[in-house]
Amino acid sequence: MGTNSFAAAYDDELKRFVERLLQFESTSGREKQAQEWFEEQLEAFGFETYRWEADAERLASLPSFPPADEIDAADRPSVAGVLEFGDPEAGPTLVLNGHVDVVPADDASWETDPFEPHWDGEKLHARGAADMKTNLALLVFVAKHLHDEYADEIDGRVIVESVTGEEEGGIGAPAAALSNPYPFDRDAAIITEPTDQRVVTATAGVLMKELTVSGRSAHAATRWRGESVLPHFNRIHRAFEELERERHNRITHPLYDYPVNWPMNIGVVNAGDWASNVPARLTAQVRIGFAPSETLEAAEAEYEERLQSVVEDSEWLMDHPPTFERRAIHFEPSELEADSPIVQRLQSAMLNHGIEETQPIGKTYSADSRFYIAEGIPTVIFGPGTIDQAHFPNEFIRWSDVQQAGDVLVDTCKAYLQNPGLSPEHSE
């Protein structure tokens, strides 16, 4: 029986692996080189590898996806490695999933090159250090350590998946959920998004919309002859903020206790074309969060009704109504039962390694877990690092958290492969 800790077995090798993976500038649509390297490493470690690409037509069949010609799925492979234990047909198959894509980094906002890993004590800085290349790399060595220590003692399979396109709504994960790339079924999954090592069983929905407001241009020297879009937009923005507050107070969920549970954010605003012109057109990209208990259509209707109330108070907007159209991929909410066996095994492993906060929580972001849950694969989110560092300049992760999470995940996988059913206290 194995006794070595995860950190003692693989710490130095994991660091080198992570540092190399972080050097790939694998922003959306540019993941291929990193994926080819990742697949080579899996093969070198003895994994049986699989590769798949998403079918844009198939993704477009999902209600939350745009038409196929708006989905960038070509030449963006997802890859996976499988390790088998004992009699693989006699045990369950557990998926360990992470995404290789990262958001862009503004070099001017960083103190160091975002794609050259930098250590500051135990902090590892780089784009993707927290979200989530470190966690993806961690899964490789969790599976390898588990296999080295327990290959003959337990039955089943462990899959390590590296998927593309998560940051833009999902490419590799929904493709894997909809069209199983393996010749065997999957029984449960863990996604290692940065959760501060908390158990996440619910994620919020996200609706992306584009607001367009029209005015009338005029020379700035006689701006009273024009109709600026800015005051109209400001009224709409204030109305949306008020609705956000109302929804926070009205729509409750036992796993959510944030300053704003269902955030609305206007992330991009474009208006006007010249300083001496009255701005006659404005477009704004709006992100609307909604609860796991809501439908996308219900949340959308509330914001459309609030927009209409602003329009009805303005003679100009009544004559020149704004448009408010869906844009890009939308994120459905998801929720896993708190007493799911994979959650139970994770909670027990956390306690064994000194993590006392084991109660499930919900997150105001969305994740690839929703695709697996929708296909009947129980999926929990757990990982080192904090979402506060995600998409942030000088992004970092604490290495001691990575080491602790590695031990937790090894024990979780082992316990699940040994017993994928409910614990006795939850059995009927």
# chains A, B, ... in the order shown; residues from 1 in each chain; ligands from 1

$ residues_around --residues "Met318 of chain A" --least-positions-apart "3" --cutoff "12 Å" --atoms "only C-alpha atoms" --output "mmCIF file with N, CA and C atoms, in the first residue's frame"
data_model
loop_
_atom_site.group_PDB
_atom_site.id
_atom_site.type_symbol
_atom_site.label_atom_id
_atom_site.label_comp_id
_atom_site.auth_asym_id
_atom_site.auth_seq_id
_atom_site.Cartn_x
_atom_site.Cartn_y
_atom_site.Cartn_z
ATOM 1 N N VAL A 213 -28.218 52.008 -28.313
ATOM 2 C CA VAL A 213 -29.027 53.217 -28.104
ATOM 3 C C VAL A 213 -28.708 54.196 -29.226
ATOM 4 N N SER A 214 -29.730 54.786 -29.828
ATOM 5 C CA SER A 214 -29.553 55.714 -30.946
ATOM 6 C C SER A 214 -29.940 57.127 -30.549
ATOM 7 N N GLY A 215 -29.137 58.089 -31.003
ATOM 8 C CA GLY A 215 -29.422 59.494 -30.784
ATOM 9 C C GLY A 215 -29.408 60.245 -32.114
ATOM 10 N N HIS A 232 -29.316 59.028 -22.009
ATOM 11 C CA HIS A 232 -30.238 57.898 -22.116
ATOM 12 C C HIS A 232 -29.582 56.624 -21.589
ATOM 13 N N LEU A 307 -35.859 47.764 -19.039
ATOM 14 C CA LEU A 307 -35.467 48.640 -20.143
ATOM 15 C C LEU A 307 -36.696 49.318 -20.739
ATOM 16 N N GLN A 308 -37.767 48.574 -20.913
ATOM 17 C CA GLN A 308 -38.981 49.145 -21.492
ATOM 18 C C GLN A 308 -39.557 50.237 -20.603
ATOM 19 N N SER A 309 -39.403 50.085 -19.282
ATOM 20 C CA SER A 309 -39.920 51.126 -18.387
ATOM 21 C C SER A 309 -39.147 52.425 -18.560
ATOM 22 N N VAL A 310 -37.845 52.332 -18.844
ATOM 23 C CA VAL A 310 -37.049 53.535 -19.116
ATOM 24 C C VAL A 310 -37.488 54.147 -20.444
ATOM 25 N N VAL A 311 -37.697 53.303 -21.421
ATOM 26 C CA VAL A 311 -38.121 53.784 -22.743
ATOM 27 C C VAL A 311 -39.443 54.547 -22.639
ATOM 28 N N GLU A 312 -40.371 54.023 -21.871
ATOM 29 C CA GLU A 312 -41.689 54.644 -21.776
ATOM 30 C C GLU A 312 -41.664 55.985 -21.055
ATOM 31 N N ASP A 313 -40.597 56.276 -20.331
ATOM 32 C CA ASP A 313 -40.455 57.573 -19.666
ATOM 33 C C ASP A 313 -39.733 58.595 -20.521
ATOM 34 N N SER A 314 -39.400 58.254 -21.754
ATOM 35 C CA SER A 314 -38.629 59.140 -22.624
ATOM 36 C C SER A 314 -39.301 59.247 -23.982
ATOM 37 N N GLU A 315 -39.668 60.455 -24.352
ATOM 38 C CA GLU A 315 -40.271 60.650 -25.677
ATOM 39 C C GLU A 315 -39.302 60.254 -26.777
ATOM 40 N N PRO A 321 -36.548 53.468 -30.237
ATOM 41 C CA PRO A 321 -36.364 52.434 -29.199
ATOM 42 C C PRO A 321 -35.008 51.747 -29.303
ATOM 43 N N PRO A 322 -34.354 51.530 -28.155
ATOM 44 C CA PRO A 322 -33.088 50.780 -28.143
ATOM 45 C C PRO A 322 -33.337 49.317 -28.519
ATOM 46 N N THR A 323 -32.294 48.664 -28.954
ATOM 47 C CA THR A 323 -32.337 47.215 -29.148
ATOM 48 C C THR A 323 -31.537 46.553 -28.028
#

$ residues_around --residues "segment 339-346 of chain A" --least-positions-apart "5" --cutoff "9 Å" --atoms "only C-alpha atoms" --output "PyMOL selection string"
chain A and resi 188-190+199+201+351+358+360+378-380+382+408-409+411-416+419-423+426

$ write_last_selection --atoms "N, CA and C atoms" --output "compact mmCIF listing (two decimals), in the first residue's frame"
# COMPACT_ATOMS: atom_id res chain seq x y z
N ALA A 188 -18.43 10.13 -12.86
CA ALA A 188 -18.38 11.37 -12.09
C ALA A 188 -17.21 12.20 -12.59
N ALA A 189 -17.19 13.48 -12.19
CA ALA A 189 -16.11 14.36 -12.63
C ALA A 189 -15.79 15.38 -11.54
N ILE A 190 -14.53 15.80 -11.55
CA ILE A 190 -14.07 16.92 -10.72
C ILE A 190 -13.42 17.93 -11.65
N VAL A 199 -15.77 23.43 -1.58
CA VAL A 199 -16.57 22.53 -2.41
C VAL A 199 -17.65 23.35 -3.11
N THR A 201 -20.79 23.24 -5.58
CA THR A 201 -21.78 22.35 -6.20
C THR A 201 -22.80 23.11 -7.05
N LEU A 351 -11.24 16.89 5.07
CA LEU A 351 -11.09 16.80 6.52
C LEU A 351 -9.81 16.08 6.90
N THR A 358 -16.03 22.35 4.74
CA THR A 358 -16.40 21.37 3.73
C THR A 358 -17.83 21.51 3.23
N PRO A 360 -20.82 22.63 1.03
CA PRO A 360 -20.88 23.11 -0.35
C PRO A 360 -21.31 24.58 -0.42
N PRO A 378 -22.37 13.39 -12.51
CA PRO A 378 -22.22 14.24 -11.32
C PRO A 378 -20.84 14.91 -11.32
N THR A 379 -20.84 16.22 -11.19
CA THR A 379 -19.60 16.99 -11.32
C THR A 379 -19.50 18.02 -10.22
N VAL A 380 -18.38 17.99 -9.49
CA VAL A 380 -18.11 18.95 -8.43
C VAL A 380 -16.90 19.78 -8.82
N PHE A 382 -13.61 21.89 -7.42
CA PHE A 382 -12.72 22.05 -6.26
C PHE A 382 -11.31 22.28 -6.78
N VAL A 408 -5.47 16.13 -1.30
CA VAL A 408 -6.92 15.97 -1.20
C VAL A 408 -7.47 15.24 -2.42
N LEU A 409 -7.00 15.62 -3.60
CA LEU A 409 -7.53 15.01 -4.82
C LEU A 409 -7.10 13.55 -4.96
N ASP A 411 -6.60 11.45 -2.48
CA ASP A 411 -7.46 10.69 -1.56
C ASP A 411 -8.90 10.61 -2.05
N THR A 412 -9.38 11.71 -2.67
CA THR A 412 -10.75 11.71 -3.20
C THR A 412 -10.90 10.67 -4.30
N CYS A 413 -9.95 10.66 -5.23
CA CYS A 413 -10.01 9.72 -6.35
C CYS A 413 -9.94 8.28 -5.84
N LYS A 414 -9.03 8.02 -4.93
CA LYS A 414 -8.88 6.67 -4.39
C LYS A 414 -10.18 6.20 -3.72
N ALA A 415 -10.74 7.06 -2.87
CA ALA A 415 -11.96 6.69 -2.16
C ALA A 415 -13.12 6.49 -3.12
N TYR A 416 -13.21 7.32 -4.16
CA TYR A 416 -14.32 7.17 -5.11
C TYR A 416 -14.19 5.89 -5.93
N ASN A 419 -15.24 3.09 -3.71
CA ASN A 419 -16.67 3.06 -3.35
C ASN A 419 -17.38 4.25 -4.00
N PRO A 420 -17.94 4.04 -5.18
CA PRO A 420 -18.62 5.15 -5.88
C PRO A 420 -20.06 5.36 -5.46
N GLY A 421 -20.54 4.61 -4.46
CA GLY A 421 -21.92 4.76 -4.01
C GLY A 421 -22.05 5.68 -2.83
N LEU A 422 -23.28 5.86 -2.38
CA LEU A 422 -23.54 6.70 -1.22
C LEU A 422 -22.96 6.06 0.04
N SER A 423 -22.53 6.93 0.96
CA SER A 423 -22.10 6.44 2.27
C SER A 423 -23.30 5.84 3.00
N HIS A 426 -26.35 7.77 4.02
CA HIS A 426 -27.20 8.32 2.96
C HIS A 426 -27.89 7.23 2.17

$ closest_residue --among "A:Leu14, A:Ile377, A:Leu96, A:Ala291" --to "Leu139 of chain A" --atoms "only C-alpha atoms"
A:Leu96

$ select_by_dssp --residues "segment 14-178 of chain A" --states "helix (DSSP H, G or I)" --output "PyMOL selection string"
chain A and resi 14-22+32-44+56-60+68-70+88-90+107-109+133-150+166-168+172-178

$ closest_atom_pairs --of "segment 290-409 of chain A" --to "segment 271-284 of chain A" --cutoff "12 Å" --atoms "only C-alpha atoms" --output "CSV"
residue,atom,partner,partner_atom,distance
A:His320,CA,A:Arg281,CA,11.2
A:Pro322,CA,A:Leu282,CA,9.7
A:Thr323,CA,A:Thr283,CA,9.4
A:Phe324,CA,A:Ala284,CA,9.4
A:Glu325,CA,A:Ala284,CA,10.6
A:Arg326,CA,A:Ala284,CA,11.8
A:Arg327,CA,A:Ala284,CA,11.0

$ write_last_selection --atoms "N, CA and C atoms" --output "PDB file, in the first residue's frame"
ATOM      1  N   HIS A 320     -37.375  56.284 -30.795  1.00  0.00           N
ATOM      2  CA  HIS A 320     -36.141  55.646 -31.263  1.00  0.00           C
ATOM      3  C   HIS A 320     -35.771  54.531 -30.272  1.00  0.00           C
ATOM      4  N   PRO A 322     -34.354  51.530 -28.155  1.00  0.00           N
ATOM      5  CA  PRO A 322     -33.088  50.780 -28.143  1.00  0.00           C
ATOM      6  C   PRO A 322     -33.337  49.317 -28.519  1.00  0.00           C
ATOM      7  N   THR A 323     -32.294  48.664 -28.954  1.00  0.00           N
ATOM      8  CA  THR A 323     -32.337  47.215 -29.148  1.00  0.00           C
ATOM      9  C   THR A 323     -31.537  46.553 -28.028  1.00  0.00           C
ATOM     10  N   PHE A 324     -31.919  45.334 -27.705  1.00  0.00           N
ATOM     11  CA  PHE A 324     -31.277  44.617 -26.600  1.00  0.00           C
ATOM     12  C   PHE A 324     -31.245  43.147 -27.002  1.00  0.00           C
ATOM     13  N   GLU A 325     -30.179  42.756 -27.696  1.00  0.00           N
ATOM     14  CA  GLU A 325     -30.129  41.453 -28.342  1.00  0.00           C
ATOM     15  C   GLU A 325     -29.158  40.514 -27.624  1.00  0.00           C
ATOM     16  N   ARG A 326     -29.502  39.229 -27.670  1.00  0.00           N
ATOM     17  CA  ARG A 326     -28.579  38.221 -27.145  1.00  0.00           C
ATOM     18  C   ARG A 326     -27.293  38.216 -27.971  1.00  0.00           C
ATOM     19  N   ARG A 327     -26.197  37.929 -27.283  1.00  0.00           N
ATOM     20  CA  ARG A 327     -24.893  37.954 -27.937  1.00  0.00           C
ATOM     21  C   ARG A 327     -24.061  36.771 -27.460  1.00  0.00           C
TER      22      ARG A 327
END

$ closest_residue --among "A:Asn352, A:Thr49, A:Asn394, A:Thr203" --to "Ser366 of chain A" --atoms "only C-alpha atoms"
A:Thr203

$ closest_residue --among "A:Arg245, A:Ala54, A:Arg398, A:Arg198" --to "Ser179 of chain A" --atoms "only C-alpha atoms"
A:Ala54

$ atom_distance --atom1 "atom CA of Ala34 of chain A" --atom2 "atom CA of Phe141 of chain A"
17.4 Å

$ atom_distance --atom1 "atom CA of Asn97 of chain A" --atom2 "atom CA of Pro254 of chain A"
26.4 Å

$ decode --residues "segment 127-201 of chain A" --atoms "C-alpha atoms" --output "PDB file, in the first residue's frame"
ATOM      1  CA  ARG A 127      -1.310  34.360 -16.739  1.00  0.00           C
ATOM      2  CA  GLY A 128      -3.141  31.128 -16.009  1.00  0.00           C
ATOM      3  CA  ALA A 129      -1.339  30.448 -12.729  1.00  0.00           C
ATOM      4  CA  ALA A 130      -4.660  30.506 -10.871  1.00  0.00           C
ATOM      5  CA  ASP A 131      -7.117  30.156 -13.755  1.00  0.00           C
ATOM      6  CA  MET A 132      -6.274  27.401 -14.325  1.00  0.00           C
ATOM      7  CA  LYS A 133      -3.157  25.895 -15.873  1.00  0.00           C
ATOM      8  CA  THR A 134      -1.569  25.095 -12.519  1.00  0.00           C
ATOM      9  CA  ASN A 135      -4.669  23.159 -11.546  1.00  0.00           C
ATOM     10  CA  LEU A 136      -4.758  21.404 -14.917  1.00  0.00           C
ATOM     11  CA  ALA A 137      -1.130  20.332 -14.531  1.00  0.00           C
ATOM     12  CA  LEU A 138      -1.867  19.207 -10.988  1.00  0.00           C
ATOM     13  CA  LEU A 139      -4.401  16.685 -12.316  1.00  0.00           C
ATOM     14  CA  VAL A 140      -1.763  14.927 -14.406  1.00  0.00           C
ATOM     15  CA  PHE A 141       0.380  14.235 -11.367  1.00  0.00           C
ATOM     16  CA  VAL A 142      -2.570  13.407  -9.127  1.00  0.00           C
ATOM     17  CA  ALA A 143      -3.549  10.668 -11.575  1.00  0.00           C
ATOM     18  CA  LYS A 144       0.039   9.504 -12.006  1.00  0.00           C
ATOM     19  CA  HIS A 145       0.677   9.377  -8.237  1.00  0.00           C
ATOM     20  CA  LEU A 146      -2.565   7.507  -7.676  1.00  0.00           C
ATOM     21  CA  HIS A 147      -1.576   4.976 -10.334  1.00  0.00           C
ATOM     22  CA  ASP A 148       1.961   4.567  -9.024  1.00  0.00           C
ATOM     23  CA  GLU A 149       0.697   3.909  -5.509  1.00  0.00           C
ATOM     24  CA  TYR A 150      -2.549   2.003  -5.991  1.00  0.00           C
ATOM     25  CA  ALA A 151      -2.739   0.577  -9.520  1.00  0.00           C
ATOM     26  CA  ASP A 152      -3.195  -2.994  -8.313  1.00  0.00           C
ATOM     27  CA  GLU A 153      -5.339  -2.264  -5.258  1.00  0.00           C
ATOM     28  CA  ILE A 154      -8.392  -0.633  -6.836  1.00  0.00           C
ATOM     29  CA  ASP A 155     -10.446  -0.970 -10.009  1.00  0.00           C
ATOM     30  CA  GLY A 156     -11.609   1.618 -12.514  1.00  0.00           C
ATOM     31  CA  ARG A 157     -10.247   4.430 -14.614  1.00  0.00           C
ATOM     32  CA  VAL A 158      -9.100   8.023 -14.174  1.00  0.00           C
ATOM     33  CA  ILE A 159      -9.302  10.450 -17.096  1.00  0.00           C
ATOM     34  CA  VAL A 160      -7.346  13.716 -17.193  1.00  0.00           C
ATOM     35  CA  GLU A 161      -8.975  16.148 -19.639  1.00  0.00           C
ATOM     36  CA  SER A 162      -7.493  19.350 -21.029  1.00  0.00           C
ATOM     37  CA  VAL A 163     -10.267  21.216 -22.851  1.00  0.00           C
ATOM     38  CA  THR A 164     -10.399  24.372 -24.940  1.00  0.00           C
ATOM     39  CA  GLY A 165     -12.636  27.414 -25.046  1.00  0.00           C
ATOM     40  CA  GLU A 166     -13.928  27.491 -21.466  1.00  0.00           C
ATOM     41  CA  GLU A 167     -13.349  31.224 -21.090  1.00  0.00           C
ATOM     42  CA  GLU A 168     -15.649  32.005 -24.020  1.00  0.00           C
ATOM     43  CA  GLY A 169     -18.416  29.689 -22.903  1.00  0.00           C
ATOM     44  CA  GLY A 170     -17.141  26.206 -23.672  1.00  0.00           C
ATOM     45  CA  ILE A 171     -15.815  24.374 -26.726  1.00  0.00           C
ATOM     46  CA  GLY A 172     -14.049  21.173 -25.669  1.00  0.00           C
ATOM     47  CA  ALA A 173     -16.154  20.346 -22.608  1.00  0.00           C
ATOM     48  CA  PRO A 174     -19.605  20.536 -24.234  1.00  0.00           C
ATOM     49  CA  ALA A 175     -18.255  18.511 -27.154  1.00  0.00           C
ATOM     50  CA  ALA A 176     -17.062  15.818 -24.723  1.00  0.00           C
ATOM     51  CA  ALA A 177     -20.329  15.901 -22.784  1.00  0.00           C
ATOM     52  CA  LEU A 178     -22.514  15.635 -25.880  1.00  0.00           C
ATOM     53  CA  SER A 179     -20.398  13.103 -27.811  1.00  0.00           C
ATOM     54  CA  ASN A 180     -18.450  10.857 -25.454  1.00  0.00           C
ATOM     55  CA  PRO A 181     -14.899  10.648 -26.906  1.00  0.00           C
ATOM     56  CA  TYR A 182     -14.154   7.453 -24.958  1.00  0.00           C
ATOM     57  CA  PRO A 183     -15.262   3.839 -25.514  1.00  0.00           C
ATOM     58  CA  PHE A 184     -16.598   3.639 -21.948  1.00  0.00           C
ATOM     59  CA  ASP A 185     -19.038   5.559 -19.758  1.00  0.00           C
ATOM     60  CA  ARG A 186     -18.104   8.259 -17.234  1.00  0.00           C
ATOM     61  CA  ASP A 187     -19.440   8.077 -13.700  1.00  0.00           C
ATOM     62  CA  ALA A 188     -18.383  11.373 -12.088  1.00  0.00           C
ATOM     63  CA  ALA A 189     -16.108  14.364 -12.626  1.00  0.00           C
ATOM     64  CA  ILE A 190     -14.065  16.915 -10.715  1.00  0.00           C
ATOM     65  CA  ILE A 191     -13.227  20.279 -12.297  1.00  0.00           C
ATOM     66  CA  THR A 192     -10.336  22.090 -10.632  1.00  0.00           C
ATOM     67  CA  GLU A 193     -11.312  25.721 -11.065  1.00  0.00           C
ATOM     68  CA  PRO A 194      -9.818  27.966  -8.334  1.00  0.00           C
ATOM     69  CA  THR A 195     -12.293  27.688  -5.438  1.00  0.00           C
ATOM     70  CA  ASP A 196     -10.104  28.578  -2.424  1.00  0.00           C
ATOM     71  CA  GLN A 197     -10.303  24.823  -1.762  1.00  0.00           C
ATOM     72  CA  ARG A 198     -14.039  25.032  -1.096  1.00  0.00           C
ATOM     73  CA  VAL A 199     -16.570  22.532  -2.410  1.00  0.00           C
ATOM     74  CA  VAL A 200     -18.599  24.158  -5.196  1.00  0.00           C
ATOM     75  CA  THR A 201     -21.779  22.353  -6.204  1.00  0.00           C
TER      76      THR A 201
END
